[in-house]
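**Student:** run_31.pdb (PDB, C-alpha atoms and all ligand atoms) pasted underneath:
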```
ATOM      1  CA  MET A   3     114.112  63.230  87.408  1.00  0.00           C
ATOM      2  CA  LEU A   4     111.556  65.034  89.564  1.00  0.00           C
ATOM      3  CA  THR A   5     111.943  64.324  93.224  1.00  0.00           C
ATOM      4  CA  LYS A   6     109.455  66.948  94.366  1.00  0.00           C
ATOM      5  CA  PRO A   7     106.174  67.406  92.572  1.00  0.00           C
ATOM      6  CA  ILE A   8     105.553  70.691  90.789  1.00  0.00           C
ATOM      7  CA  VAL A   9     102.656  72.532  92.415  1.00  0.00           C
ATOM      8  CA  ILE A  10     100.672  75.113  90.481  1.00  0.00           C
ATOM      9  CA  LYS A  11      98.613  77.446  92.625  1.00  0.00           C
ATOM     10  CA  ALA A  12      95.862  79.736  91.368  1.00  0.00           C
ATOM     11  CA  ASP A  13      96.789  83.393  91.918  1.00  0.00           C
ATOM     12  CA  GLU A  14      94.088  85.594  93.357  1.00  0.00           C
ATOM     13  CA  ASP A  15      93.688  87.505  90.064  1.00  0.00           C
ATOM     14  CA  GLU A  16      93.188  84.245  88.206  1.00  0.00           C
ATOM     15  CA  VAL A  17      90.100  83.434  90.227  1.00  0.00           C
ATOM     16  CA  LEU A  18      87.159  84.959  88.412  1.00  0.00           C
ATOM     17  CA  ASP A  19      84.725  87.398  89.974  1.00  0.00           C
ATOM     18  CA  ILE A  20      86.150  87.372  93.450  1.00  0.00           C
ATOM     19  CA  GLU A  21      84.019  90.321  94.587  1.00  0.00           C
ATOM     20  CA  LEU A  22      80.892  88.767  93.194  1.00  0.00           C
ATOM     21  CA  GLU A  23      81.726  85.563  95.018  1.00  0.00           C
ATOM     22  CA  GLU A  24      82.194  87.405  98.312  1.00  0.00           C
ATOM     23  CA  ASP A  25      78.799  89.041  97.838  1.00  0.00           C
ATOM     24  CA  PHE A  26      77.274  85.624  97.295  1.00  0.00           C
ATOM     25  CA  LEU A  27      78.823  84.304 100.461  1.00  0.00           C
ATOM     26  CA  LYS A  28      77.656  87.318 102.475  1.00  0.00           C
ATOM     27  CA  ALA A  29      74.142  87.059 101.072  1.00  0.00           C
ATOM     28  CA  ASN A  30      74.138  83.393 102.004  1.00  0.00           C
ATOM     29  CA  GLU A  31      75.277  84.203 105.530  1.00  0.00           C
ATOM     30  CA  ARG A  32      72.487  86.749 105.966  1.00  0.00           C
ATOM     31  CA  MET A  33      69.934  84.214 104.806  1.00  0.00           C
ATOM     32  CA  ALA A  34      71.461  81.586 107.110  1.00  0.00           C
ATOM     33  CA  ALA A  35      70.908  83.954 110.051  1.00  0.00           C
ATOM     34  CA  LEU A  36      67.264  84.312 109.010  1.00  0.00           C
ATOM     35  CA  ASN A  37      66.943  80.540 108.804  1.00  0.00           C
ATOM     36  CA  ARG A  38      68.326  80.209 112.326  1.00  0.00           C
ATOM     37  CA  ARG A  39      65.704  82.651 113.573  1.00  0.00           C
ATOM     38  CA  THR A  40      62.976  80.718 111.774  1.00  0.00           C
ATOM     39  CA  PHE A  41      64.114  77.452 113.358  1.00  0.00           C
ATOM     40  CA  ASP A  42      64.368  79.049 116.802  1.00  0.00           C
ATOM     41  CA  ARG A  43      60.945  80.618 116.563  1.00  0.00           C
ATOM     42  CA  ALA A  44      59.481  77.227 115.651  1.00  0.00           C
ATOM     43  CA  GLY A  45      61.314  75.663 118.616  1.00  0.00           C
ATOM     44  CA  ALA A  46      63.231  73.433 116.200  1.00  0.00           C
ATOM     45  CA  LYS A  47      66.847  72.309 116.207  1.00  0.00           C
ATOM     46  CA  ALA A  48      68.584  71.915 112.873  1.00  0.00           C
ATOM     47  CA  ILE A  49      71.694  69.933 112.006  1.00  0.00           C
ATOM     48  CA  ASP A  50      73.593  70.058 108.728  1.00  0.00           C
ATOM     49  CA  PHE A  51      75.299  66.806 107.654  1.00  0.00           C
ATOM     50  CA  MET A  52      78.121  67.271 105.181  1.00  0.00           C
ATOM     51  CA  GLY A  53      80.373  64.667 103.566  1.00  0.00           C
ATOM     52  CA  SER A  54      81.316  62.971 100.308  1.00  0.00           C
ATOM     53  CA  ILE A  55      78.981  60.921  98.160  1.00  0.00           C
ATOM     54  CA  GLY A  56      79.006  57.407  99.614  1.00  0.00           C
ATOM     55  CA  SER A  57      80.309  58.380 103.059  1.00  0.00           C
ATOM     56  CA  GLY A  58      77.021  57.244 104.587  1.00  0.00           C
ATOM     57  CA  LYS A  59      75.211  60.522 105.309  1.00  0.00           C
ATOM     58  CA  THR A  60      71.792  59.095 104.487  1.00  0.00           C
ATOM     59  CA  SER A  61      72.428  55.883 106.445  1.00  0.00           C
ATOM     60  CA  VAL A  62      73.573  57.864 109.499  1.00  0.00           C
ATOM     61  CA  ILE A  63      70.474  60.055 109.221  1.00  0.00           C
ATOM     62  CA  GLU A  64      68.246  56.972 108.925  1.00  0.00           C
ATOM     63  CA  ARG A  65      69.785  55.610 112.138  1.00  0.00           C
ATOM     64  CA  LEU A  66      69.283  58.948 113.894  1.00  0.00           C
ATOM     65  CA  VAL A  67      65.669  59.088 112.759  1.00  0.00           C
ATOM     66  CA  GLU A  68      65.054  55.657 114.278  1.00  0.00           C
ATOM     67  CA  ALA A  69      66.878  56.588 117.489  1.00  0.00           C
ATOM     68  CA  LEU A  70      65.154  59.945 117.911  1.00  0.00           C
ATOM     69  CA  LYS A  71      61.675  59.741 116.436  1.00  0.00           C
ATOM     70  CA  GLY A  72      60.225  58.823 119.832  1.00  0.00           C
ATOM     71  CA  LYS A  73      61.744  61.912 121.415  1.00  0.00           C
ATOM     72  CA  TYR A  74      61.403  64.509 118.640  1.00  0.00           C
ATOM     73  CA  LYS A  75      59.172  65.236 115.704  1.00  0.00           C
ATOM     74  CA  VAL A  76      61.893  64.636 113.160  1.00  0.00           C
ATOM     75  CA  GLY A  77      61.917  65.954 109.611  1.00  0.00           C
ATOM     76  CA  VAL A  78      64.588  65.592 106.962  1.00  0.00           C
ATOM     77  CA  ILE A  79      65.771  67.820 104.135  1.00  0.00           C
ATOM     78  CA  ALA A  80      67.900  65.909 101.634  1.00  0.00           C
ATOM     79  CA  GLY A  81      70.055  67.695  99.097  1.00  0.00           C
ATOM     80  CA  ASP A  82      71.205  66.074  95.890  1.00  0.00           C
ATOM     81  CA  THR A  83      71.942  67.324  92.398  1.00  0.00           C
ATOM     82  CA  THR A  84      69.284  65.315  90.575  1.00  0.00           C
ATOM     83  CA  THR A  85      67.796  62.340  92.414  1.00  0.00           C
ATOM     84  CA  ALA A  86      65.213  61.882  95.170  1.00  0.00           C
ATOM     85  CA  ILE A  87      66.735  58.616  96.408  1.00  0.00           C
ATOM     86  CA  ASP A  88      67.742  60.000  99.814  1.00  0.00           C
ATOM     87  CA  ALA A  89      64.389  61.564 100.688  1.00  0.00           C
ATOM     88  CA  GLU A  90      62.667  58.350  99.653  1.00  0.00           C
ATOM     89  CA  ARG A  91      64.937  56.274 101.871  1.00  0.00           C
ATOM     90  CA  VAL A  92      64.304  58.525 104.863  1.00  0.00           C
ATOM     91  CA  GLY A  93      60.578  58.723 104.111  1.00  0.00           C
ATOM     92  CA  ARG A  94      60.308  54.959 104.652  1.00  0.00           C
ATOM     93  CA  HIS A  95      60.968  55.612 108.349  1.00  0.00           C
ATOM     94  CA  GLY A  96      57.647  57.431 108.578  1.00  0.00           C
ATOM     95  CA  VAL A  97      58.946  60.976 108.974  1.00  0.00           C
ATOM     96  CA  PRO A  98      58.385  63.916 106.639  1.00  0.00           C
ATOM     97  CA  SER A  99      61.236  64.298 104.198  1.00  0.00           C
ATOM     98  CA  LEU A 100      61.848  66.801 101.443  1.00  0.00           C
ATOM     99  CA  GLN A 101      64.276  66.544  98.575  1.00  0.00           C
ATOM    100  CA  ILE A 102      66.087  69.573  97.229  1.00  0.00           C
ATOM    101  CA  ASN A 103      67.521  69.041  93.764  1.00  0.00           C
ATOM    102  CA  THR A 104      70.260  71.562  93.201  1.00  0.00           C
ATOM    103  CA  GLY A 105      70.849  70.786  89.517  1.00  0.00           C
ATOM    104  CA  LYS A 106      74.469  71.675  88.849  1.00  0.00           C
ATOM    105  CA  GLU A 107      75.048  73.206  92.289  1.00  0.00           C
ATOM    106  CA  CYS A 108      77.352  71.024  94.374  1.00  0.00           C
ATOM    107  CA  HIS A 109      76.198  72.269  97.794  1.00  0.00           C
ATOM    108  CA  LEU A 110      73.040  73.386  99.561  1.00  0.00           C
ATOM    109  CA  ASP A 111      72.708  77.091 100.248  1.00  0.00           C
ATOM    110  CA  ALA A 112      70.660  79.018 102.779  1.00  0.00           C
ATOM    111  CA  PRO A 113      67.945  80.234 100.349  1.00  0.00           C
ATOM    112  CA  LEU A 114      67.253  76.675  99.157  1.00  0.00           C
ATOM    113  CA  VAL A 115      67.075  75.428 102.729  1.00  0.00           C
ATOM    114  CA  ARG A 116      64.781  78.300 103.664  1.00  0.00           C
ATOM    115  CA  LYS A 117      62.215  77.174 101.107  1.00  0.00           C
ATOM    116  CA  ALA A 118      62.345  73.578 102.290  1.00  0.00           C
ATOM    117  CA  ALA A 119      62.431  74.431 105.998  1.00  0.00           C
ATOM    118  CA  LYS A 120      59.289  76.553 105.769  1.00  0.00           C
ATOM    119  CA  LYS A 121      57.446  73.622 104.195  1.00  0.00           C
ATOM    120  CA  LEU A 122      58.805  71.124 106.707  1.00  0.00           C
ATOM    121  CA  LEU A 123      58.054  73.237 109.786  1.00  0.00           C
ATOM    122  CA  ARG A 124      54.373  73.206 108.822  1.00  0.00           C
ATOM    123  CA  TYR A 125      54.375  69.551 109.872  1.00  0.00           C
ATOM    124  CA  GLY A 126      55.217  70.615 113.423  1.00  0.00           C
ATOM    125  CA  VAL A 127      58.754  69.296 113.126  1.00  0.00           C
ATOM    126  CA  ASN A 128      61.126  70.179 116.001  1.00  0.00           C
ATOM    127  CA  LEU A 129      64.279  68.447 114.768  1.00  0.00           C
ATOM    128  CA  VAL A 130      65.437  69.105 111.221  1.00  0.00           C
ATOM    129  CA  LEU A 131      68.182  66.858 109.860  1.00  0.00           C
ATOM    130  CA  ILE A 132      69.666  68.322 106.702  1.00  0.00           C
ATOM    131  CA  GLU A 133      71.662  66.146 104.340  1.00  0.00           C
ATOM    132  CA  ASN A 134      73.931  68.352 102.270  1.00  0.00           C
ATOM    133  CA  VAL A 135      74.942  67.514  98.703  1.00  0.00           C
ATOM    134  CA  GLY A 136      77.739  64.927  98.622  1.00  0.00           C
ATOM    135  CA  ASN A 137      80.874  67.057  98.534  1.00  0.00           C
ATOM    136  CA  LEU A 138      83.696  67.656 101.000  1.00  0.00           C
ATOM    137  CA  ILE A 139      84.702  71.105  99.795  1.00  0.00           C
ATOM    138  CA  CYS A 140      82.264  73.931  99.239  1.00  0.00           C
ATOM    139  CA  PRO A 141      79.435  73.084 101.685  1.00  0.00           C
ATOM    140  CA  ALA A 142      81.852  74.363 104.346  1.00  0.00           C
ATOM    141  CA  GLU A 143      81.551  77.885 102.917  1.00  0.00           C
ATOM    142  CA  PHE A 144      77.766  77.918 102.853  1.00  0.00           C
ATOM    143  CA  PRO A 145      76.255  77.854 106.348  1.00  0.00           C
ATOM    144  CA  LEU A 146      72.564  77.008 106.224  1.00  0.00           C
ATOM    145  CA  GLY A 147      71.468  78.360 109.599  1.00  0.00           C
ATOM    146  CA  ALA A 148      71.711  74.984 111.325  1.00  0.00           C
ATOM    147  CA  HIS A 149      72.580  74.911 115.049  1.00  0.00           C
ATOM    148  CA  LYS A 150      75.267  72.328 114.450  1.00  0.00           C
ATOM    149  CA  ARG A 151      77.231  71.070 111.515  1.00  0.00           C
ATOM    150  CA  ALA A 152      78.463  67.498 111.295  1.00  0.00           C
ATOM    151  CA  VAL A 153      80.848  66.030 108.754  1.00  0.00           C
ATOM    152  CA  VAL A 154      80.713  62.359 107.821  1.00  0.00           C
ATOM    153  CA  VAL A 155      83.788  60.601 106.481  1.00  0.00           C
ATOM    154  CA  SER A 156      84.056  56.842 106.022  1.00  0.00           C
ATOM    155  CA  VAL A 157      87.043  54.567 106.449  1.00  0.00           C
ATOM    156  CA  THR A 158      86.514  53.455 102.837  1.00  0.00           C
ATOM    157  CA  GLU A 159      87.559  56.906 101.616  1.00  0.00           C
ATOM    158  CA  GLY A 160      91.160  56.092 102.469  1.00  0.00           C
ATOM    159  CA  GLU A 161      93.598  57.285 105.057  1.00  0.00           C
ATOM    160  CA  TYR A 162      94.270  60.820 103.757  1.00  0.00           C
ATOM    161  CA  MET A 163      90.729  62.134 103.372  1.00  0.00           C
ATOM    162  CA  ILE A 164      90.732  64.276 106.485  1.00  0.00           C
ATOM    163  CA  LYS A 165      94.268  65.575 106.060  1.00  0.00           C
ATOM    164  CA  LYS A 166      93.332  66.736 102.547  1.00  0.00           C
ATOM    165  CA  LYS A 167      90.023  68.353 103.450  1.00  0.00           C
ATOM    166  CA  GLN A 168      90.703  70.043 106.764  1.00  0.00           C
ATOM    167  CA  ASP A 169      88.553  73.115 106.027  1.00  0.00           C
ATOM    168  CA  ILE A 170      85.293  71.246 106.280  1.00  0.00           C
ATOM    169  CA  PHE A 171      86.365  69.766 109.615  1.00  0.00           C
ATOM    170  CA  ARG A 172      87.121  73.251 110.890  1.00  0.00           C
ATOM    171  CA  ALA A 173      83.617  74.330 109.842  1.00  0.00           C
ATOM    172  CA  ALA A 174      81.903  71.553 111.814  1.00  0.00           C
ATOM    173  CA  GLU A 175      81.302  70.823 115.515  1.00  0.00           C
ATOM    174  CA  VAL A 176      80.885  67.066 115.175  1.00  0.00           C
ATOM    175  CA  GLY A 177      82.953  64.589 113.160  1.00  0.00           C
ATOM    176  CA  ILE A 178      81.593  61.177 112.261  1.00  0.00           C
ATOM    177  CA  ILE A 179      84.034  58.446 111.216  1.00  0.00           C
ATOM    178  CA  ASN A 180      81.643  56.002 109.591  1.00  0.00           C
ATOM    179  CA  LYS A 181      81.775  52.423 108.265  1.00  0.00           C
ATOM    180  CA  LYS A 182      83.790  51.172 111.214  1.00  0.00           C
ATOM    181  CA  ASP A 183      82.729  47.650 110.165  1.00  0.00           C
ATOM    182  CA  MET A 184      84.873  48.139 107.022  1.00  0.00           C
ATOM    183  CA  ALA A 185      88.005  49.275 108.865  1.00  0.00           C
ATOM    184  CA  GLY A 186      89.507  45.764 109.007  1.00  0.00           C
ATOM    185  CA  PRO A 187      89.056  44.944 105.308  1.00  0.00           C
ATOM    186  CA  MET A 188      90.309  48.437 104.371  1.00  0.00           C
ATOM    187  CA  GLY A 189      93.355  48.158 106.655  1.00  0.00           C
ATOM    188  CA  ILE A 190      92.494  51.509 108.223  1.00  0.00           C
ATOM    189  CA  ASP A 191      92.745  52.389 111.899  1.00  0.00           C
ATOM    190  CA  PRO A 192      89.663  54.498 112.726  1.00  0.00           C
ATOM    191  CA  GLN A 193      91.565  56.033 115.658  1.00  0.00           C
ATOM    192  CA  GLN A 194      94.031  57.554 113.188  1.00  0.00           C
ATOM    193  CA  LEU A 195      91.117  59.281 111.437  1.00  0.00           C
ATOM    194  CA  VAL A 196      89.841  60.488 114.808  1.00  0.00           C
ATOM    195  CA  ASN A 197      93.285  61.963 115.479  1.00  0.00           C
ATOM    196  CA  ASP A 198      93.355  63.628 112.039  1.00  0.00           C
ATOM    197  CA  ALA A 199      89.954  65.204 112.683  1.00  0.00           C
ATOM    198  CA  LEU A 200      91.092  66.495 116.069  1.00  0.00           C
ATOM    199  CA  GLU A 201      94.250  67.860 114.511  1.00  0.00           C
ATOM    200  CA  ALA A 202      92.138  69.817 112.001  1.00  0.00           C
ATOM    201  CA  ASN A 203      89.737  70.966 114.708  1.00  0.00           C
ATOM    202  CA  PRO A 204      90.688  70.311 118.345  1.00  0.00           C
ATOM    203  CA  ARG A 205      87.272  71.469 119.602  1.00  0.00           C
ATOM    204  CA  MET A 206      85.429  68.933 117.479  1.00  0.00           C
ATOM    205  CA  LYS A 207      83.557  66.027 119.033  1.00  0.00           C
ATOM    206  CA  VAL A 208      84.502  62.965 117.012  1.00  0.00           C
ATOM    207  CA  VAL A 209      82.491  59.748 117.022  1.00  0.00           C
ATOM    208  CA  VAL A 210      83.239  56.434 115.307  1.00  0.00           C
ATOM    209  CA  THR A 211      80.113  54.811 113.889  1.00  0.00           C
ATOM    210  CA  SER A 212      78.860  52.020 111.740  1.00  0.00           C
ATOM    211  CA  ALA A 213      75.520  53.052 110.283  1.00  0.00           C
ATOM    212  CA  ARG A 214      75.236  49.472 109.025  1.00  0.00           C
ATOM    213  CA  THR A 215      75.364  47.850 112.480  1.00  0.00           C
ATOM    214  CA  GLY A 216      74.204  50.810 114.567  1.00  0.00           C
ATOM    215  CA  GLU A 217      77.457  50.945 116.525  1.00  0.00           C
ATOM    216  CA  GLY A 218      78.279  54.419 117.829  1.00  0.00           C
ATOM    217  CA  ILE A 219      74.824  55.876 117.178  1.00  0.00           C
ATOM    218  CA  PRO A 220      74.044  56.483 120.910  1.00  0.00           C
ATOM    219  CA  GLU A 221      77.419  58.254 121.224  1.00  0.00           C
ATOM    220  CA  LEU A 222      76.568  60.332 118.158  1.00  0.00           C
ATOM    221  CA  VAL A 223      73.217  61.345 119.652  1.00  0.00           C
ATOM    222  CA  GLU A 224      75.131  62.523 122.708  1.00  0.00           C
ATOM    223  CA  ALA A 225      77.742  64.393 120.656  1.00  0.00           C
ATOM    224  CA  LEU A 226      74.951  66.182 118.801  1.00  0.00           C
ATOM    225  CA  GLU A 227      73.397  67.057 122.183  1.00  0.00           C
ATOM    226  CA  LEU A 228      70.033  65.620 121.144  1.00  0.00           C
TER     227      LEU A 228
HETATM  228 MG    MG A 301      72.838  60.391 100.669  1.00  0.00          MG
HETATM  229 ZN    ZN A 302      79.405  73.622  95.697  1.00  0.00          ZN
END
```
Mind turning this structure into structure tokens?
Ligand code: MG
Ligand code: ZN
**Tutor:**
Amino acid sequence: MLTKPIVIKADEDEVLDIELEEDFLKANERMAALNRRTFDRAGAKAIDFMGSIGSGKTSVIERLVEALKGKYKVGVIAGDTTTAIDAERVGRHGVPSLQINTGKECHLDAPLVRKAAKKLLRYGVNLVLIENVGNLICPAEFPLGAHKRAVVVSVTEGEYMIKKKQDIFRAAEVGIINKKDMAGPMGIDPQQLVNDALEANPRMKVVVTSARTGEGIPELVEALEL
């Protein structure tokens, strides 16, 4: 009988094209630096929202748009593999929104964001909210040139989500524990998720929100320094 699970780890030489991959990452980082300069020159702040499909990234962004559209000229870039659902949802709030369809790519990268940002900045936007493709793994490795990165995780994703995906929490400055209104039915203590996020990244600002009710949105605005 197995008491401990067998763990199979990929050896370095089993991972294909490692050098090529490093070049990709470096090229992305260079482009991200260019994006940052473009945002700065336009006097715009940019924030990258990462998180799984269904964690509530779009709903959080919709709440932020409503909270901030009196103070900033907000624009949104939404990343998804194939649909334009997110940009349409945000567009209903009367702000310019662009959809990037990545096809098979499971993350946004800096060149894609560059294209969209240049279009969006023509509208005079000074706050760019970027919704990354729903994925808790590789977006962490692809900075987009945003001034801040936020990661959204919901209580409905279960109690181990953060412990299992610490890298993305280390790559972000702000953690958003969303769907607080579902914590009771899910039997999850949001404070435990806050603690997990802080364990992964002690410098992170962590906010508990419910995009459905609006709870925690003012605290999130503050954490994002907006
Ligand atoms: Mg979405
Ligand atoms: Zn990916």
**Student:** What would the selection look like, as a list in words, if the PyMOL selection byres (((chain A and resi 53) around 6) and not hetatm) were run on the coordinates I just shared?
**Tutor:**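 On the file shown, the PyMOL selection byres (((chain A and resi 53) around 6) and not hetatm) covers Met52, Ser54, Gly136, Asn137, Leu138, Val153 and Val154 of chain A.
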**Student:** Here's a test: counting only C-alpha atoms, identify every protein, DNA and RNA residue with an atom at most 10 Å from (76.5, 69.9, 91.5) in the file's coordinate frame, and state them as a list in words.
**Tutor:** Asp82, Thr83, Thr84, Asn103, Thr104, Gly105, Lys106, Glu107, Cys108, His109, Leu110, Val135, Gly136 and Asn137 of chain A
**Student:** Please measure the separation of CA of Lys207 in chain A and CA of Leu195 in chain A, giving the value in Å to one decimal.
**Tutor:**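 CA of Leu195 in chain A lies at a distance of 12.7 Å from CA of Lys207 in chain A.
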**Student:** Check which residues fall inside 12 Å of ligand MG 301 (chain A) when counting only C-alpha atoms and all ligand atoms, and print them as a ChimeraX atom specification.
**Tutor:** /A:51-64,78-92,101-102,132-137,154
**Student:** Counting only C-alpha atoms, which residues have an atom no more than 9 Å from (71.4, 60.8, 118.6) in the file's coordinates? Please list them as a list of chain:residue names.
**Tutor:** A:Arg65, A:Leu66, A:Val67, A:Ala69, A:Leu70, A:Ile219, A:Pro220, A:Glu221, A:Leu222, A:Val223, A:Glu224, A:Ala225, A:Leu226, A:Glu227, A:Leu228
**Student:** Mind pulling up the distance from CA of Glu24 in chain A to atom ZN of ligand ZN 302 (chain A)?
**Tutor:** 14.3 Å
**Student:** Can you tell me how far CA of Ser212 in chain A sits from CA of Asp198 in chain A, in Å to one decimal?
**Tutor:**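 Pair CA of Ser212 in chain A / CA of Asp198 in chain A returns 18.6 Å.
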**Student:** Starting from the shown file, work through the PyMOL selection byres (((chain A and resi 188) around 12) and not hetatm) and note down what comes out as a PDB file with C-alpha atoms, in the frame of the given file.
**Tutor:**
```pdb
ATOM      1  CA  SER A 156      84.056  56.842 106.022  1.00  0.00           C
ATOM      2  CA  VAL A 157      87.043  54.567 106.449  1.00  0.00           C
ATOM      3  CA  THR A 158      86.514  53.455 102.837  1.00  0.00           C
ATOM      4  CA  GLU A 159      87.559  56.906 101.616  1.00  0.00           C
ATOM      5  CA  GLY A 160      91.160  56.092 102.469  1.00  0.00           C
ATOM      6  CA  GLU A 161      93.598  57.285 105.057  1.00  0.00           C
ATOM      7  CA  LYS A 181      81.775  52.423 108.265  1.00  0.00           C
ATOM      8  CA  LYS A 182      83.790  51.172 111.214  1.00  0.00           C
ATOM      9  CA  ASP A 183      82.729  47.650 110.165  1.00  0.00           C
ATOM     10  CA  MET A 184      84.873  48.139 107.022  1.00  0.00           C
ATOM     11  CA  ALA A 185      88.005  49.275 108.865  1.00  0.00           C
ATOM     12  CA  GLY A 186      89.507  45.764 109.007  1.00  0.00           C
ATOM     13  CA  PRO A 187      89.056  44.944 105.308  1.00  0.00           C
ATOM     14  CA  GLY A 189      93.355  48.158 106.655  1.00  0.00           C
ATOM     15  CA  ILE A 190      92.494  51.509 108.223  1.00  0.00           C
ATOM     16  CA  ASP A 191      92.745  52.389 111.899  1.00  0.00           C
ATOM     17  CA  PRO A 192      89.663  54.498 112.726  1.00  0.00           C
TER      18      PRO A 192
END
```
**Student:** Nearest residue to Pro141 in chain A out of A:Val176, A:Ile170, A:Val209, A:Val76, using all atoms listed in the file?
**Tutor:** A:Ile170
**Student:** Each side padded by 5 Å, which centre and which edge lengths in Å (one decimal) define the axis-aligned box around the listed atoms of range 137-152 of chain A? Give them as lines of an AutoDock Vina configuration file.
**Tutor:**
```
center_x = 78.1
center_y = 72.7
center_z = 106.8
size_x = 23.2
size_y = 21.3
size_z = 26.5
```
**Student:** Taking into account all atoms listed in the file, which residue in the set A:Leu146, A:Ala174, A:Ala34, A:Ala46 is nearest to Leu123 in chain A?
**Tutor:**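 When distances to Leu123 in chain A are compared using all atoms listed in the file, the smallest one comes from A:Ala46.
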**Student:** I need the residue set behind the PyMOL selection byres (((chain A and resi 49) around 7) and not hetatm) for this file; please write it as a PyMOL selection string.
**Tutor:** chain A and resi 47-48+50-51+130-132+148-151
**Student:** Just the residues within 9 Å of Arg116 in chain A, please, counting only C-alpha atoms, with nothing from its chain fewer than 3 positions along; format it as a CSV table (one decimal) with C-alpha atoms, in the frame of the given file.
**Tutor:**
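This is the output file selection05.csv:
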```csv
chain,number,residue,atom,x,y,z
A,33,MET,CA,69.9,84.2,104.8
A,34,ALA,CA,71.5,81.6,107.1
A,36,LEU,CA,67.3,84.3,109.0
A,37,ASN,CA,66.9,80.5,108.8
A,40,THR,CA,63.0,80.7,111.8
A,111,ASP,CA,72.7,77.1,100.2
A,112,ALA,CA,70.7,79.0,102.8
A,113,PRO,CA,67.9,80.2,100.3
A,119,ALA,CA,62.4,74.4,106.0
A,120,LYS,CA,59.3,76.6,105.8
A,121,LYS,CA,57.4,73.6,104.2
A,146,LEU,CA,72.6,77.0,106.2
A,147,GLY,CA,71.5,78.4,109.6
```
**Student:** Since fewer atoms than expected are present, regenerate N, CA and C atoms for range 185-198 of chain A and write them as a CSV table (one decimal), in the frame of the given file.
**Tutor:**
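Wrote it out as result-v5.csv, contents follow:
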```csv
chain,number,residue,atom,x,y,z
A,185,ALA,N,86.6,48.9,108.5
A,185,ALA,CA,88.0,49.3,108.9
A,185,ALA,C,89.0,48.1,108.7
A,186,GLY,N,88.6,46.9,109.1
A,186,GLY,CA,89.5,45.8,109.0
A,186,GLY,C,89.8,45.5,107.6
A,187,PRO,N,88.8,45.2,106.7
A,187,PRO,CA,89.1,44.9,105.3
A,187,PRO,C,89.8,46.1,104.6
A,188,MET,N,89.6,47.3,105.0
A,188,MET,CA,90.3,48.4,104.4
A,188,MET,C,91.7,48.6,104.9
A,189,GLY,N,92.0,48.0,106.0
A,189,GLY,CA,93.4,48.2,106.7
A,189,GLY,C,93.5,49.6,107.2
A,190,ILE,N,92.4,50.1,107.7
A,190,ILE,CA,92.5,51.5,108.2
A,190,ILE,C,92.2,51.5,109.7
A,191,ASP,N,93.0,52.3,110.5
A,191,ASP,CA,92.7,52.4,111.9
A,191,ASP,C,91.8,53.6,112.1
A,192,PRO,N,90.6,53.4,112.5
A,192,PRO,CA,89.7,54.5,112.7
A,192,PRO,C,90.2,55.5,113.7
A,193,GLN,N,91.0,55.1,114.7
A,193,GLN,CA,91.6,56.0,115.7
A,193,GLN,C,92.5,57.0,115.0
A,194,GLN,N,93.2,56.6,113.9
A,194,GLN,CA,94.0,57.6,113.2
A,194,GLN,C,93.2,58.7,112.6
A,195,LEU,N,92.0,58.3,112.0
A,195,LEU,CA,91.1,59.3,111.4
A,195,LEU,C,90.6,60.2,112.5
A,196,VAL,N,90.3,59.6,113.7
A,196,VAL,CA,89.8,60.5,114.8
A,196,VAL,C,90.9,61.5,115.1
A,197,ASN,N,92.2,61.1,115.2
A,197,ASN,CA,93.3,62.0,115.5
A,197,ASN,C,93.4,63.0,114.4
A,198,ASP,N,93.3,62.7,113.1
A,198,ASP,CA,93.4,63.6,112.0
A,198,ASP,C,92.3,64.7,112.2
```
